[in-house]
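K.L.:
Below you will find the structure I want to go over with you.
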Amino acid sequence: MLIKTDLGHVTDVANHIAELESFSEAFSISGEYDLLVKLYVDDVDNSAAHRAANPFHPHIRETHTILTFEAFQNA
């Protein structure tokens with residue numbers, strides 16, 4: 001998930017998201033978004049999974065969710 005935060009609130013938002021059960025890791029990034037967050041959900045159709053993928057925080061301005069299906073690695 002890519003997240004835009006209000007100016008000066010990246011750490012606060014990242015700490016909030018880190019408390020989610022589905023949280024794996026987060027990175028501060030440069031560019032259009034402020035955070036890159038990896039979450040693991042079992043069922044993308046489940047409403048709980050949707051809430052985990054769209055965590056409410058007053059300083060989250062925008063999110064962009066990317067679903068991944070298969071990982072490819074060097075042989």
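Naming scheme: A, B, ... for chains in displayed order of the structure tokens; residues 1 onward per chain; ligands 1 onward as shown.
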Among chain A, which ones does DSSP place in strand (DSSP E or B), written as a VMD selection string?
P.N.:
chain A and resid 2 to 5 23 to 28 35 to 39 60 to 64
K.L.:
For Asp6 (chain A), find every residue with an atom within 8 Å (counting only C-alpha atoms), except residues of its own chain fewer than 4 positions away, and show them as an NGL selection string.
P.N.:
:A and (10 or 59-61)
K.L.:
Of the candidates A:Leu2, A:Asp12, A:Asn74, A:Thr68, which one gets nearest to Gly31 (chain A) if we count only C-alpha atoms?
P.N.:
A:Leu2
K.L.:
Can you list, as a list of chain:residue names, every residue of chain A that DSSP puts in helix (DSSP H, G or I)?
P.N.:
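Reading the DSSP output for chain A, helix (DSSP H, G or I) covers A:Val10, A:Thr11, A:Asp12, A:Val13, A:Ala14, A:Asn15, A:His16, A:Ile17, A:Ala18, A:Ser47, A:Ala48, A:Ala49, A:His50, A:Arg51, A:Ala52, A:Ala53.
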K.L.:
I'd like to know which of A:Ser28, A:Asn15, A:Thr63, A:Ser22 is closest to Tyr40 (chain A), using only C-alpha atoms.
P.N.:
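For Tyr40 (chain A), the nearest of the given residues is A:Ser22.
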K.L.:
Quick one: pull the distance between CA of Ile17 (chain A) and CA of Glu32 (chain A), Å, one decimal.
P.N.:
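Calculated distance between CA of Ile17 (chain A) and CA of Glu32 (chain A) is 19.2 Å.
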K.L.:
Give me the residues near Phe69 (chain A) as JSON, numbers by chain, where near means some atom within 12 Å (using only C-alpha atoms) and where sequence neighbours in that chain fewer than 6 positions away do not count.
P.N.:
{"A": [40, 41, 42, 43, 44]}
K.L.:
Quick one: everything within 7 Å of Phe23 (chain A), counting only C-alpha atoms, minus sequence neighbours fewer than 2 positions away in the same chain. Send it as a list in words.
P.N.:
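So, after excluding close chain neighbours, the residues are Ile17, Ala18, Leu20, Glu21, Glu25, Lys38, Leu39 and Tyr40 of chain A.
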K.L.:
Neighbours of Val13 (chain A) within 10 Å (only C-alpha atoms; same-chain residues fewer than 6 positions away dropped), as a PyMOL selection string?
P.N.:
chain A and resi 3-6+35+55-60
